[in-house]
Amino acid sequence: MRLSLYRTDTHRRHFIAIGVLAALAGVSLGAPAQAAGPAPKTAKARKILVLGDSLSAEYGLKRGRGWVALLEQQLKADKMPVSVINASISGDTTSGGRARLGALLTQHRPTHVIIELGGNDALRGLPLELTRDNLTFMTQLAQNAGAKVLLIGMQVPPNYGKDYGERFAALFASVAKARRAALVPFLLKGIAEDDATRMFQADRIHPKEEAHPLMLANVWPELKKIL
């Protein structure tokens, strides 16, 4: 009988100890445990990747004076927590951008991609279909990576011929419509129409520093819509 009482008392103390520990851990004995709800999703930090040529790479300018640097200032002024990566290279073509974009998407994982390429394709006399194919490929690649795309259009001087000029300008809108991407029809609107000696550097190809705020003014309204 003493052995039975000892066992009963031991079992009672053991059960009480488990109950205390369970209470401390916030677990109710005899009731099924409830699974914790899913953790709240946090918004992905917005990041803009600019893939461009000399017009975006501050060719002939002091660092920090180009339209991409001005874009960073605009974002800060508007208190928009968006980072900007400028991956522009002077002289780059749509083929060069196509070759580089995949690695850039993997490295930076941007939420937005601005594609400012095509001008050097025209200067080199490359086939329009090649330019169109490259722009389409880059736009789709960025979209497949989860980024929103803004295409920046360009135009060529009148000496290229009316037919070529119209077809070149139209291909940007065509790609944007087909891929449902945002579009800036002409980066140099309000600049190229002006006296080239006033708004452009000595080569009459690259805009002066004072033209870059106007370039940003052309980009910002369309970019802001998709941020």
# chains A, B, ... in the order shown; residues from 1 in each chain; ligands from 1
call {"tool": "residues_around", "arguments": {"residues": "Gly66 in chain A", "least_positions_apart": "4", "cutoff": "12 Å", "atoms": "only C-alpha atoms", "output": "PyMOL selection string"}}
result
chain A and resi 54-62+70-73+86+88+206-216
call {"tool": "residues_around", "arguments": {"residues": "range 183-194 of chain A", "least_positions_apart": "4", "cutoff": "8 Å", "atoms": "only C-alpha atoms", "output": "mmCIF file with N, CA and C atoms, in the first residue's frame"}}
result
data_model
loop_
_atom_site.group_PDB
_atom_site.id
_atom_site.type_symbol
_atom_site.label_atom_id
_atom_site.label_comp_id
_atom_site.auth_asym_id
_atom_site.auth_seq_id
_atom_site.Cartn_x
_atom_site.Cartn_y
_atom_site.Cartn_z
ATOM 1 N N LEU A 150 9.986 51.030 -68.273
ATOM 2 C CA LEU A 150 9.755 52.309 -68.945
ATOM 3 C C LEU A 150 10.715 52.399 -70.117
ATOM 4 N N LEU A 151 10.166 52.430 -71.326
ATOM 5 C CA LEU A 151 10.975 52.595 -72.529
ATOM 6 C C LEU A 151 11.111 54.074 -72.846
ATOM 7 N N ILE A 152 12.322 54.478 -73.176
ATOM 8 C CA ILE A 152 12.568 55.870 -73.548
ATOM 9 C C ILE A 152 12.879 55.936 -75.036
ATOM 10 N N GLY A 153 12.036 56.636 -75.755
ATOM 11 C CA GLY A 153 12.177 56.725 -77.201
ATOM 12 C C GLY A 153 13.178 57.774 -77.646
ATOM 13 N N MET A 154 13.681 57.569 -78.844
ATOM 14 C CA MET A 154 14.611 58.514 -79.458
ATOM 15 C C MET A 154 14.157 58.815 -80.879
ATOM 16 N N GLN A 155 14.725 59.885 -81.430
ATOM 17 C CA GLN A 155 14.473 60.249 -82.822
ATOM 18 C C GLN A 155 15.813 60.563 -83.473
ATOM 19 N N ALA A 169 11.369 56.208 -84.981
ATOM 20 C CA ALA A 169 10.644 56.763 -83.834
ATOM 21 C C ALA A 169 9.466 55.878 -83.442
ATOM 22 N N PHE A 172 9.657 52.383 -80.927
ATOM 23 C CA PHE A 172 9.606 52.428 -79.461
ATOM 24 C C PHE A 172 8.164 52.304 -78.975
ATOM 25 N N ALA A 173 7.272 53.062 -79.606
ATOM 26 C CA ALA A 173 5.858 52.984 -79.246
ATOM 27 C C ALA A 173 5.294 51.607 -79.551
ATOM 28 N N ALA A 176 6.481 49.202 -76.808
ATOM 29 C CA ALA A 176 5.802 49.519 -75.550
ATOM 30 C C ALA A 176 4.351 49.034 -75.567
ATOM 31 N N ARG A 198 23.117 75.757 -78.870
ATOM 32 C CA ARG A 198 22.811 76.283 -77.546
ATOM 33 C C ARG A 198 22.619 75.184 -76.513
ATOM 34 N N MET A 199 21.964 74.074 -76.880
ATOM 35 C CA MET A 199 21.618 73.032 -75.922
ATOM 36 C C MET A 199 22.508 71.796 -76.000
ATOM 37 N N ALA A 211 20.585 71.065 -70.305
ATOM 38 C CA ALA A 211 19.503 70.323 -70.971
ATOM 39 C C ALA A 211 18.988 69.165 -70.121
ATOM 40 N N LEU A 214 15.615 69.286 -68.348
ATOM 41 C CA LEU A 214 14.519 69.124 -69.306
ATOM 42 C C LEU A 214 14.333 67.655 -69.664
ATOM 43 N N MET A 215 15.417 66.924 -69.740
ATOM 44 C CA MET A 215 15.326 65.487 -70.013
ATOM 45 C C MET A 215 14.597 64.782 -68.870
ATOM 46 N N ASN A 218 10.965 65.265 -69.020
ATOM 47 C CA ASN A 218 10.298 64.384 -69.984
ATOM 48 C C ASN A 218 10.075 62.990 -69.424
ATOM 49 N N VAL A 219 10.984 62.550 -68.564
ATOM 50 C CA VAL A 219 10.924 61.190 -68.019
ATOM 51 C C VAL A 219 10.022 61.091 -66.798
ATOM 52 N N GLU A 222 6.049 60.116 -66.655
ATOM 53 C CA GLU A 222 5.738 58.732 -67.021
ATOM 54 C C GLU A 222 6.275 57.740 -65.993
#
call {"tool": "atom_distance", "arguments": {"atom1": "CA of Gly97 in chain A", "atom2": "CA of Ala178 in chain A"}}
result
19.6 Å
call {"tool": "residues_around", "arguments": {"residues": "Gly102 in chain A", "least_positions_apart": "5", "cutoff": "12 Å", "atoms": "only C-alpha atoms", "output": "JSON, numbers by chain"}}
result
{"A": [49, 51, 96, 97, 107, 108, 109, 110, 113, 137, 138, 139, 140, 141, 142, 143, 144, 145]}
call {"tool": "closest_residue", "arguments": {"among": "A:Ala87, A:Ala182, A:Ile205, A:Ala122", "to": "Gly161 in chain A", "atoms": "only C-alpha atoms"}}
result
A:Ala122
call {"tool": "closest_residue", "arguments": {"among": "A:Leu223, A:Ala147, A:Val68, A:Leu130", "to": "Lys44 in chain A", "atoms": "only C-alpha atoms"}}
result
A:Ala147
call {"tool": "select_by_dssp", "arguments": {"residues": "range 136-179 of chain A", "states": "alpha helix (DSSP H)", "output": "MDAnalysis selection string"}}
result
chainID A and resid 136:144 162:179
call {"tool": "atom_distance", "arguments": {"atom1": "CA of Asp133 in chain A", "atom2": "CA of Leu171 in chain A"}}
result
9.9 Å
